[in-house]
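To be precise, the following lines are upload-v4.cif, and they hold mmCIF, C-alpha atoms and all ligand atoms; chains and numbers go by the auth columns.
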```cif
data_final
#
loop_
_atom_site.group_PDB
_atom_site.id
_atom_site.type_symbol
_atom_site.label_atom_id
_atom_site.label_comp_id
_atom_site.label_asym_id
_atom_site.label_seq_id
_atom_site.Cartn_x
_atom_site.Cartn_y
_atom_site.Cartn_z
_atom_site.B_iso_or_equiv
_atom_site.auth_seq_id
_atom_site.auth_asym_id
ATOM 1 C CA ASN A 1 3.622 4.609 -33.794 0.00 5 A
ATOM 2 C CA TRP A 2 6.624 6.748 -32.938 0.00 6 A
ATOM 3 C CA ASN A 3 8.957 3.778 -33.353 0.00 7 A
ATOM 4 C CA ASN A 4 7.397 2.865 -36.704 0.00 8 A
ATOM 5 C CA TRP A 5 7.735 6.441 -37.885 0.00 9 A
ATOM 6 C CA LEU A 6 11.424 6.472 -36.911 0.00 10 A
ATOM 7 C CA ARG A 7 12.070 3.129 -38.637 0.00 11 A
ATOM 8 C CA THR A 8 10.305 4.240 -41.812 0.00 12 A
ATOM 9 C CA ASN A 9 11.995 7.610 -42.091 0.00 13 A
ATOM 10 C CA PHE A 10 15.449 6.881 -40.715 0.00 14 A
ATOM 11 C CA SER A 11 16.378 3.409 -41.891 0.00 15 A
ATOM 12 C CA ALA A 12 19.991 3.804 -40.776 0.00 16 A
ATOM 13 C CA ILE A 13 19.199 4.063 -37.081 0.00 17 A
ATOM 14 C CA THR A 14 18.851 1.213 -34.600 0.00 18 A
ATOM 15 C CA LEU A 15 16.255 1.424 -31.860 0.00 19 A
ATOM 16 C CA GLN A 16 16.713 -0.049 -28.430 0.00 20 A
ATOM 17 C CA ASP A 17 14.158 -0.366 -25.641 0.00 21 A
ATOM 18 C CA VAL A 18 15.680 1.335 -22.588 0.00 22 A
ATOM 19 C CA PHE A 19 12.866 0.457 -20.184 0.00 23 A
ATOM 20 C CA PRO A 20 15.032 -1.995 -18.169 0.00 24 A
ATOM 21 C CA GLN A 21 17.716 0.688 -17.692 0.00 25 A
ATOM 22 C CA LEU A 22 15.107 3.272 -16.688 0.00 26 A
ATOM 23 C CA ALA A 23 13.477 0.840 -14.277 0.00 27 A
ATOM 24 C CA ALA A 24 16.854 0.127 -12.642 0.00 28 A
ATOM 25 C CA MET A 25 17.528 3.859 -12.275 0.00 29 A
ATOM 26 C CA ARG A 26 14.067 4.544 -10.875 0.00 30 A
ATOM 27 C CA GLN A 27 14.504 1.914 -8.173 0.00 31 A
ATOM 28 C CA VAL A 28 17.320 3.814 -6.405 0.00 32 A
ATOM 29 C CA LYS A 29 16.279 7.311 -5.350 0.00 33 A
ATOM 30 C CA SER A 30 18.489 10.402 -5.529 0.00 34 A
ATOM 31 C CA ALA A 31 18.714 12.766 -2.545 0.00 35 A
ATOM 32 C CA SER A 32 16.199 15.165 -4.083 0.00 36 A
ATOM 33 C CA GLU A 33 13.772 12.372 -4.938 0.00 37 A
ATOM 34 C CA MET A 34 13.903 11.260 -1.294 0.00 38 A
ATOM 35 C CA VAL A 35 12.981 14.770 -0.135 0.00 39 A
ATOM 36 C CA ILE A 36 9.975 14.947 -2.468 0.00 40 A
ATOM 37 C CA LEU A 37 8.819 11.409 -1.708 0.00 41 A
ATOM 38 C CA GLY A 38 9.234 12.125 2.008 0.00 42 A
ATOM 39 C CA ARG A 39 6.918 15.118 1.655 0.00 43 A
ATOM 40 C CA SER A 40 4.356 12.973 -0.164 0.00 44 A
ATOM 41 C CA ILE A 41 4.532 10.341 2.584 0.00 45 A
ATOM 42 C CA ASP A 42 4.295 12.901 5.439 0.00 46 A
ATOM 43 C CA LEU A 43 1.258 14.521 3.849 0.00 47 A
ATOM 44 C CA SER A 44 -0.394 11.144 3.361 0.00 48 A
ATOM 45 C CA ALA A 45 0.297 10.289 7.017 0.00 49 A
ATOM 46 C CA ASP A 46 -1.291 13.621 8.062 0.00 50 A
ATOM 47 C CA ALA A 47 -4.440 12.602 6.191 0.00 51 A
ATOM 48 C CA HIS A 48 -4.538 9.230 7.972 0.00 52 A
ATOM 49 C CA ILE A 49 -4.319 10.943 11.362 0.00 53 A
ATOM 50 C CA GLU A 50 -7.190 13.277 10.395 0.00 54 A
ATOM 51 C CA ALA A 51 -9.229 10.274 9.272 0.00 55 A
ATOM 52 C CA MET A 52 -8.600 8.416 12.540 0.00 56 A
ATOM 53 C CA LYS A 53 -9.774 11.455 14.497 0.00 57 A
ATOM 54 C CA MET A 54 -13.059 11.703 12.577 0.00 58 A
ATOM 55 C CA ILE A 55 -14.046 8.055 12.164 0.00 59 A
ATOM 56 C CA ARG A 56 -17.211 6.984 13.991 0.00 60 A
ATOM 57 C CA PRO A 57 -20.250 4.842 13.184 0.00 61 A
ATOM 58 C CA GLY A 58 -22.763 6.667 10.960 0.00 62 A
ATOM 59 C CA LEU A 59 -20.265 8.345 8.643 0.00 63 A
ATOM 60 C CA TYR A 60 -20.032 7.210 5.014 0.00 64 A
ATOM 61 C CA GLU A 61 -16.851 5.877 3.458 0.00 65 A
ATOM 62 C CA TYR A 62 -16.784 8.795 1.004 0.00 66 A
ATOM 63 C CA GLU A 63 -16.790 11.308 3.863 0.00 67 A
ATOM 64 C CA VAL A 64 -13.576 9.819 5.224 0.00 68 A
ATOM 65 C CA ALA A 65 -12.023 9.638 1.734 0.00 69 A
ATOM 66 C CA ALA A 66 -13.009 13.253 1.022 0.00 70 A
ATOM 67 C CA ARG A 67 -11.391 14.514 4.229 0.00 71 A
ATOM 68 C CA MET A 68 -8.171 12.720 3.326 0.00 72 A
ATOM 69 C CA VAL A 69 -8.161 14.170 -0.201 0.00 73 A
ATOM 70 C CA TYR A 70 -8.783 17.597 1.356 0.00 74 A
ATOM 71 C CA VAL A 71 -5.710 17.246 3.592 0.00 75 A
ATOM 72 C CA HIS A 72 -3.609 16.227 0.581 0.00 76 A
ATOM 73 C CA GLN A 73 -4.784 19.150 -1.544 0.00 77 A
ATOM 74 C CA ARG A 74 -4.392 21.634 1.300 0.00 78 A
ATOM 75 C CA GLY A 75 -0.798 20.459 1.711 0.00 79 A
ATOM 76 C CA GLY A 76 0.053 21.029 -1.946 0.00 80 A
ATOM 77 C CA ALA A 77 -0.434 17.586 -3.481 0.00 81 A
ATOM 78 C CA GLU A 78 -1.505 17.758 -7.111 0.00 82 A
ATOM 79 C CA ARG A 79 -3.581 14.585 -7.050 0.00 83 A
ATOM 80 C CA GLU A 80 -4.119 11.248 -5.328 0.00 84 A
ATOM 81 C CA GLY A 81 -1.498 8.577 -5.925 0.00 85 A
ATOM 82 C CA TYR A 82 -4.400 6.177 -6.718 0.00 86 A
ATOM 83 C CA ALA A 83 -8.145 6.047 -6.188 0.00 87 A
ATOM 84 C CA PRO A 84 -8.760 6.154 -2.403 0.00 88 A
ATOM 85 C CA ILE A 85 -9.789 2.878 -0.768 0.00 89 A
ATOM 86 C CA VAL A 86 -11.940 3.272 2.345 0.00 90 A
ATOM 87 C CA GLY A 87 -13.668 -0.041 3.125 0.00 91 A
ATOM 88 C CA THR A 88 -15.884 -0.600 6.159 0.00 92 A
ATOM 89 C CA GLY A 89 -16.995 -3.996 7.527 0.00 93 A
ATOM 90 C CA PHE A 90 -17.134 -6.606 4.748 0.00 94 A
ATOM 91 C CA ASN A 91 -15.671 -4.036 2.313 0.00 95 A
ATOM 92 C CA SER A 92 -12.409 -4.155 4.282 0.00 96 A
ATOM 93 C CA THR A 93 -11.914 -7.663 2.858 0.00 97 A
ATOM 94 C CA LEU A 94 -12.133 -6.513 -0.801 0.00 98 A
ATOM 95 C CA LEU A 95 -8.690 -5.876 -2.258 0.00 99 A
ATOM 96 C CA HIS A 96 -9.230 -2.971 -4.626 0.00 100 A
ATOM 97 C CA TYR A 97 -12.495 -1.669 -3.232 0.00 101 A
ATOM 98 C CA ASN A 98 -13.136 1.818 -4.625 0.00 102 A
ATOM 99 C CA GLY A 99 -16.894 1.937 -3.958 0.00 103 A
ATOM 100 C CA VAL A 100 -16.624 4.311 -0.997 0.00 104 A
ATOM 101 C CA ARG A 101 -20.465 4.433 -0.772 0.00 105 A
ATOM 102 C CA ALA A 102 -21.229 2.403 2.362 0.00 106 A
ATOM 103 C CA GLN A 103 -22.179 3.680 5.800 0.00 107 A
ATOM 104 C CA ILE A 104 -19.816 2.835 8.650 0.00 108 A
ATOM 105 C CA LYS A 105 -21.501 0.655 11.292 0.00 109 A
ATOM 106 C CA ASP A 106 -20.801 0.156 14.971 0.00 110 A
ATOM 107 C CA GLY A 107 -18.409 -2.781 15.337 0.00 111 A
ATOM 108 C CA ASP A 108 -16.917 -2.413 11.827 0.00 112 A
ATOM 109 C CA LEU A 109 -13.266 -2.356 10.976 0.00 113 A
ATOM 110 C CA VAL A 110 -12.415 0.441 8.527 0.00 114 A
ATOM 111 C CA LEU A 111 -9.518 -0.147 6.134 0.00 115 A
ATOM 112 C CA MET A 112 -8.043 2.993 4.534 0.00 116 A
ATOM 113 C CA ASP A 113 -5.514 2.661 1.718 0.00 117 A
ATOM 114 C CA VAL A 114 -5.108 6.307 0.756 0.00 118 A
ATOM 115 C CA ALA A 115 -2.111 8.428 -0.259 0.00 119 A
ATOM 116 C CA CYS A 116 -1.277 11.436 -2.395 0.00 120 A
ATOM 117 C CA GLU A 117 1.022 12.308 -5.254 0.00 121 A
ATOM 118 C CA PHE A 118 3.293 15.268 -4.513 0.00 122 A
ATOM 119 C CA SER A 119 5.518 16.750 -7.232 0.00 123 A
ATOM 120 C CA GLY A 120 5.009 13.594 -9.241 0.00 124 A
ATOM 121 C CA TYR A 121 5.881 11.105 -6.465 0.00 125 A
ATOM 122 C CA SER A 122 3.272 8.823 -4.924 0.00 126 A
ATOM 123 C CA ALA A 123 3.127 7.552 -1.352 0.00 127 A
ATOM 124 C CA ASP A 124 1.158 4.385 -0.468 0.00 128 A
ATOM 125 C CA ILE A 125 -0.186 4.011 3.087 0.00 129 A
ATOM 126 C CA THR A 126 -2.821 1.760 4.669 0.00 130 A
ATOM 127 C CA ARG A 127 -4.245 1.796 8.169 0.00 131 A
ATOM 128 C CA THR A 128 -7.083 -0.273 9.647 0.00 132 A
ATOM 129 C CA VAL A 129 -9.027 1.013 12.643 0.00 133 A
ATOM 130 C CA PRO A 130 -12.133 0.063 14.640 0.00 134 A
ATOM 131 C CA ALA A 131 -15.028 2.394 13.743 0.00 135 A
ATOM 132 C CA ASN A 132 -16.133 2.836 17.360 0.00 136 A
ATOM 133 C CA GLY A 133 -12.625 3.219 18.742 0.00 137 A
ATOM 134 C CA LYS A 134 -12.343 -0.267 20.247 0.00 138 A
ATOM 135 C CA PHE A 135 -11.397 -3.573 18.587 0.00 139 A
ATOM 136 C CA THR A 136 -13.363 -6.722 19.390 0.00 140 A
ATOM 137 C CA PRO A 137 -11.035 -9.414 20.808 0.00 141 A
ATOM 138 C CA ARG A 138 -11.010 -11.207 17.413 0.00 142 A
ATOM 139 C CA GLN A 139 -10.328 -7.995 15.477 0.00 143 A
ATOM 140 C CA ARG A 140 -7.480 -7.195 17.850 0.00 144 A
ATOM 141 C CA GLU A 141 -6.053 -10.718 17.470 0.00 145 A
ATOM 142 C CA ILE A 142 -5.973 -10.419 13.667 0.00 146 A
ATOM 143 C CA TYR A 143 -4.622 -6.863 13.827 0.00 147 A
ATOM 144 C CA GLU A 144 -1.800 -7.908 16.155 0.00 148 A
ATOM 145 C CA ILE A 145 -0.803 -10.744 13.799 0.00 149 A
ATOM 146 C CA VAL A 146 -0.621 -8.389 10.811 0.00 150 A
ATOM 147 C CA LEU A 147 1.342 -5.885 12.871 0.00 151 A
ATOM 148 C CA ALA A 148 3.771 -8.603 14.010 0.00 152 A
ATOM 149 C CA ALA A 149 4.273 -9.675 10.373 0.00 153 A
ATOM 150 C CA SER A 150 4.964 -6.073 9.398 0.00 154 A
ATOM 151 C CA ASP A 151 7.359 -5.507 12.307 0.00 155 A
ATOM 152 C CA ALA A 152 9.286 -8.705 11.502 0.00 156 A
ATOM 153 C CA ALA A 153 9.636 -7.828 7.810 0.00 157 A
ATOM 154 C CA ILE A 154 10.672 -4.234 8.487 0.00 158 A
ATOM 155 C CA ALA A 155 13.244 -5.357 11.083 0.00 159 A
ATOM 156 C CA ALA A 156 14.859 -7.599 8.436 0.00 160 A
ATOM 157 C CA ILE A 157 15.239 -4.866 5.802 0.00 161 A
ATOM 158 C CA LYS A 158 18.813 -4.121 4.774 0.00 162 A
ATOM 159 C CA PRO A 159 20.830 -4.052 1.553 0.00 163 A
ATOM 160 C CA GLY A 160 21.287 -7.507 0.041 0.00 164 A
ATOM 161 C CA VAL A 161 17.993 -8.945 1.296 0.00 165 A
ATOM 162 C CA MET A 162 15.361 -10.203 -1.174 0.00 166 A
ATOM 163 C CA SER A 163 11.925 -8.645 -0.813 0.00 167 A
ATOM 164 C CA GLY A 164 9.825 -11.224 -2.684 0.00 168 A
ATOM 165 C CA GLY A 165 10.183 -14.943 -3.288 0.00 169 A
ATOM 166 C CA ASN A 166 10.013 -17.755 -0.780 0.00 170 A
ATOM 167 C CA ALA A 167 13.729 -18.297 -0.155 0.00 171 A
ATOM 168 C CA PRO A 168 14.727 -18.316 3.526 0.00 172 A
ATOM 169 C CA GLY A 169 15.403 -14.749 4.665 0.00 173 A
ATOM 170 C CA SER A 170 13.167 -13.071 2.088 0.00 174 A
ATOM 171 C CA LEU A 171 10.864 -10.438 3.555 0.00 175 A
ATOM 172 C CA LEU A 172 7.831 -12.225 2.104 0.00 176 A
ATOM 173 C CA LYS A 173 8.832 -15.502 3.743 0.00 177 A
ATOM 174 C CA ILE A 174 9.420 -13.797 7.098 0.00 178 A
ATOM 175 C CA ALA A 175 5.988 -12.116 7.029 0.00 179 A
ATOM 176 C CA THR A 176 4.170 -15.232 5.811 0.00 180 A
ATOM 177 C CA ASP A 177 5.785 -17.377 8.518 0.00 181 A
ATOM 178 C CA VAL A 178 4.521 -14.980 11.206 0.00 182 A
ATOM 179 C CA ILE A 179 0.984 -15.064 9.790 0.00 183 A
ATOM 180 C CA ASN A 180 0.989 -18.862 9.497 0.00 184 A
ATOM 181 C CA SER A 181 2.362 -19.426 12.981 0.00 185 A
ATOM 182 C CA ARG A 182 -0.210 -17.370 14.909 0.00 186 A
ATOM 183 C CA GLY A 183 -3.978 -17.616 15.057 0.00 187 A
ATOM 184 C CA LYS A 184 -6.413 -19.823 13.138 0.00 188 A
ATOM 185 C CA ASP A 185 -9.583 -19.432 11.096 0.00 189 A
ATOM 186 C CA LYS A 186 -12.949 -20.807 12.234 0.00 190 A
ATOM 187 C CA ASP A 187 -12.017 -24.260 10.859 0.00 191 A
ATOM 188 C CA GLY A 188 -8.704 -24.336 12.685 0.00 192 A
ATOM 189 C CA ASN A 189 -6.596 -23.616 9.586 0.00 193 A
ATOM 190 C CA PRO A 190 -3.523 -21.351 9.600 0.00 194 A
ATOM 191 C CA LEU A 191 -4.146 -17.797 8.382 0.00 195 A
ATOM 192 C CA GLY A 192 -1.597 -17.727 5.540 0.00 196 A
ATOM 193 C CA LYS A 193 -4.269 -18.465 2.939 0.00 197 A
ATOM 194 C CA TYR A 194 -5.943 -15.146 3.838 0.00 198 A
ATOM 195 C CA PHE A 195 -2.777 -13.162 2.922 0.00 199 A
ATOM 196 C CA ILE A 196 -3.743 -12.926 -0.728 0.00 200 A
ATOM 197 C CA HIS A 197 -1.269 -10.460 -2.232 0.00 201 A
ATOM 198 C CA GLY A 198 2.437 -9.672 -2.351 0.00 202 A
ATOM 199 C CA LEU A 199 4.274 -8.119 0.589 0.00 203 A
ATOM 200 C CA GLY A 200 5.183 -4.907 -1.195 0.00 204 A
ATOM 201 C CA HIS A 201 6.540 -3.072 -4.206 0.00 205 A
ATOM 202 C CA PRO A 202 8.717 -0.086 -5.124 0.00 206 A
ATOM 203 C CA ILE A 203 7.104 3.368 -5.008 0.00 207 A
ATOM 204 C CA GLY A 204 8.213 6.539 -6.784 0.00 208 A
ATOM 205 C CA LEU A 205 6.876 8.233 -9.887 0.00 209 A
ATOM 206 C CA ASN A 206 4.120 5.598 -9.873 0.00 210 A
ATOM 207 C CA VAL A 207 2.473 4.020 -6.862 0.00 211 A
ATOM 208 C CA HIS A 208 3.554 0.671 -8.323 0.00 212 A
ATOM 209 C CA ASP A 209 6.933 1.742 -9.629 0.00 213 A
ATOM 210 C CA PRO A 210 8.925 -0.490 -11.967 0.00 214 A
ATOM 211 C CA GLY A 211 11.902 -2.454 -10.733 0.00 215 A
ATOM 212 C CA VAL A 212 14.306 -5.091 -11.929 0.00 216 A
ATOM 213 C CA PRO A 213 12.845 -8.554 -11.226 0.00 217 A
ATOM 214 C CA GLY A 214 14.917 -10.526 -8.724 0.00 218 A
ATOM 215 C CA ARG A 215 17.066 -7.562 -7.691 0.00 219 A
ATOM 216 C CA ALA A 216 18.065 -7.555 -4.027 0.00 220 A
ATOM 217 C CA LEU A 217 17.407 -4.495 -1.865 0.00 221 A
ATOM 218 C CA GLU A 218 19.908 -1.652 -2.102 0.00 222 A
ATOM 219 C CA SER A 219 20.427 1.504 -0.102 0.00 223 A
ATOM 220 C CA GLY A 220 18.240 4.255 -1.556 0.00 224 A
ATOM 221 C CA MET A 221 15.350 2.037 -2.629 0.00 225 A
ATOM 222 C CA VAL A 222 11.888 2.901 -1.288 0.00 226 A
ATOM 223 C CA ILE A 223 9.426 0.022 -0.927 0.00 227 A
ATOM 224 C CA THR A 224 6.113 -0.677 0.734 0.00 228 A
ATOM 225 C CA ILE A 225 5.648 -3.327 3.414 0.00 229 A
ATOM 226 C CA GLU A 226 1.967 -4.256 3.440 0.00 230 A
ATOM 227 C CA PRO A 227 0.967 -7.578 4.976 0.00 231 A
ATOM 228 C CA GLY A 228 -2.764 -8.199 5.245 0.00 232 A
ATOM 229 C CA ILE A 229 -5.297 -10.781 6.398 0.00 233 A
ATOM 230 C CA TYR A 230 -8.756 -10.817 4.796 0.00 234 A
ATOM 231 C CA ILE A 231 -11.442 -13.138 6.207 0.00 235 A
ATOM 232 C CA PRO A 232 -14.741 -12.411 4.391 0.00 236 A
ATOM 233 C CA ASP A 233 -16.668 -14.897 6.609 0.00 237 A
ATOM 234 C CA GLU A 234 -15.843 -12.765 9.620 0.00 238 A
ATOM 235 C CA ASN A 235 -16.105 -9.299 7.977 0.00 239 A
ATOM 236 C CA ILE A 236 -12.481 -8.797 8.969 0.00 240 A
ATOM 237 C CA GLY A 237 -9.925 -7.277 6.621 0.00 241 A
ATOM 238 C CA VAL A 238 -6.727 -5.852 8.085 0.00 242 A
ATOM 239 C CA ARG A 239 -3.834 -4.370 6.139 0.00 243 A
ATOM 240 C CA ILE A 240 -1.008 -2.228 7.492 0.00 244 A
ATOM 241 C CA GLU A 241 1.101 -0.559 4.817 0.00 245 A
ATOM 242 C CA ASP A 242 4.192 1.543 5.388 0.00 246 A
ATOM 243 C CA ASP A 243 6.727 3.148 3.043 0.00 247 A
ATOM 244 C CA ILE A 244 10.325 2.234 3.843 0.00 248 A
ATOM 245 C CA LEU A 245 13.619 3.758 2.718 0.00 249 A
ATOM 246 C CA VAL A 246 16.309 1.068 2.586 0.00 250 A
ATOM 247 C CA THR A 247 19.545 2.162 4.273 0.00 251 A
HETATM 248 N N1 LIG B . -2.611 1.138 -2.945 0.00 301 B
HETATM 249 C C1 LIG B . -2.178 0.096 -3.803 0.00 301 B
HETATM 250 C C2 LIG B . -1.274 -0.830 -3.143 0.00 301 B
HETATM 251 O O1 LIG B . -1.214 -0.893 -1.940 0.00 301 B
HETATM 252 O O2 LIG B . -0.495 -1.531 -3.745 0.00 301 B
HETATM 253 MN MN MN B . -1.748 0.781 -0.786 0.00 302 B
HETATM 254 MN MN MN B . 1.047 -0.841 -1.975 0.00 303 B
#
```
As a first step, turn the structure in this file into structure tokens.
Amino acid sequence: NWNNWLRTNFSAITLQDVFPQLAAMRQVKSASEMVILGRSIDLSADAHIEAMKMIRPGLYEYEVAARMVYVHQRGGAEREGYAPIVGTGFNSTLLHYNGVRAQIKDGDLVLMDVACEFSGYSADITRTVPANGKFTPRQREIYEIVLAASDAAIAAIKPGVMSGGNAPGSLLKIATDVINSRGKDKDGNPLGKYFIHGLGHPIGLNVHDPGVPGRALESGMVITIEPGIYIPDENIGVRIEDDILVT
């Protein structure tokens, strides 16, 4: 409407969409943006630690989510970066589960994808923990594979590297290769088919911040690394998501 109004009333002007330029600028953070985003990330990490301390069978997902929101608000966050995801048992396998109504059972995994927005900048953190404090051997096996995928991708981060795509050396390829080379499902198949989303994305003013498609990593970018394995048949969903400043 604004563009139409301009065109109608000011026929001599030319309009140009500057979204690509803005997206390119948003991808590389200034020093002050890094300070604010760092605060948002630290506060979100504080909430995860509080959640880990409280989790036990019998609690409801919303009780864990509420404690995390409380920590964010107490620390000065103005809102959540996105609707909190706290999924127990089977719910850990649902990608954008926002139900937060279920009761946590003994033996469940609890997946928490929860982070705040601080001074306009959103963090994005996921942790997956055993409700009773101890993984089953199978839960631990899957967790260790996801962690190894995350560690391998993070170790490869440096300017010039591609985050997405399947070219050799891309972070996605590195993480997927780890997941496919370790462990099997009940039918003996590799686990890559249970990694059902991208490896990560830029964060900043939005939790999914815009970027220039196909642009290699540069110093000053902040991205998530978030491999996951979701096996509904086994009630096992594991994601580990960290926020990384490229240097
Ligand atoms: N919390 C949304 C995401 O991880 O992309
Ligand atoms: Mn997330
Ligand atoms: Mn994310």
Just say which residues the PyMOL selection byres (((chain A and resi 134) around 9) and not hetatm) picks in this file, as a ChimeraX atom specification. /A:59-60,110-115,132-133,135-140,143
Step by step, measure atom-to-atom distances between ligand MN 302 (chain B) and each residue using only C-alpha atoms and all ligand atoms, keep those at most 7 Å, then write them as a PyMOL selection string. chain A and resi 117-118+128-130+245
Residue subset to file, keeping C-alpha atoms, as a PDB file, in the frame of the given file:
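Dumped everything to again-v4.pdb:
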```pdb
ATOM      1  CA  ASP A 117      -5.514   2.661   1.718  1.00  0.00           C
ATOM      2  CA  VAL A 118      -5.108   6.307   0.756  1.00  0.00           C
ATOM      3  CA  ASP A 128       1.158   4.385  -0.468  1.00  0.00           C
ATOM      4  CA  ILE A 129      -0.186   4.011   3.087  1.00  0.00           C
ATOM      5  CA  THR A 130      -2.821   1.760   4.669  1.00  0.00           C
ATOM      6  CA  GLU A 245       1.101  -0.559   4.817  1.00  0.00           C
TER       7      GLU A 245
END
```
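Distance annotation: of A:Thr251, A:Trp6, A:Ile227, A:Ser123, the residue with the minimal separation from Pro214 of chain A is A:Ile227; atom set is all atoms listed in the file.
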When the PyMOL selection byres (((chain A and resi 203) around 6) and not hetatm) is applied to the file above, which residues end up in the set, as a PDB file with C-alpha atoms, in the frame of the given file?
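So out25.pdb came out as:
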```pdb
ATOM      1  CA  LEU A 176       7.831 -12.225   2.104  1.00  0.00           C
ATOM      2  CA  GLY A 202       2.437  -9.672  -2.351  1.00  0.00           C
ATOM      3  CA  GLY A 204       5.183  -4.907  -1.195  1.00  0.00           C
ATOM      4  CA  ILE A 229       5.648  -3.327   3.414  1.00  0.00           C
ATOM      5  CA  GLU A 230       1.967  -4.256   3.440  1.00  0.00           C
ATOM      6  CA  PRO A 231       0.967  -7.578   4.976  1.00  0.00           C
TER       7      PRO A 231
END
```
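Distances to ligand MN 303 (chain B) were evaluated for A:Ser126, A:Asn193, A:Asn170, A:Gln107 using all atoms listed in the file, and the minimum falls at A:Ser126.
Here the PyMOL selection byres (((chain A and resi 81) around 10) and not hetatm) captures the residues Arg43, Ser44, Leu47, Ser48, Val73, Tyr74, Val75, His76, Gln77, Arg78, Gly79, Gly80, Glu82, Arg83, Glu84, Gly85, Ala119, Cys120, Glu121, Phe122, Ser123, Gly124, Tyr125 and Ser126 of chain A.
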Report as lines of an AutoDock Vina configuration file the centre and the edge lengths, in Å to one decimal, of the axis-aligned box holding every listed atom of ligand LIG 301 (chain B), padded by 6 Å on each side.
```
center_x = -1.6
center_y = -0.2
center_z = -2.9
size_x = 14.1
size_y = 14.7
size_z = 13.9
```
I'd like the interatomic distance between atom CA of Val150 of chain A and atom CA of Met56 of chain A, to a tenth of an Å. 18.7 Å
So which residues touch Gln25 of chain A within 10 Å, counting all atoms listed in the file, skipping near sequence neighbours fewer than 4 positions away, as a ChimeraX atom specification? /A:21,29-30,215-216
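Reported to one decimal place, the separation of atom CA of Glu238 of chain A from atom CA of Lys57 of chain A is 25.4 Å.
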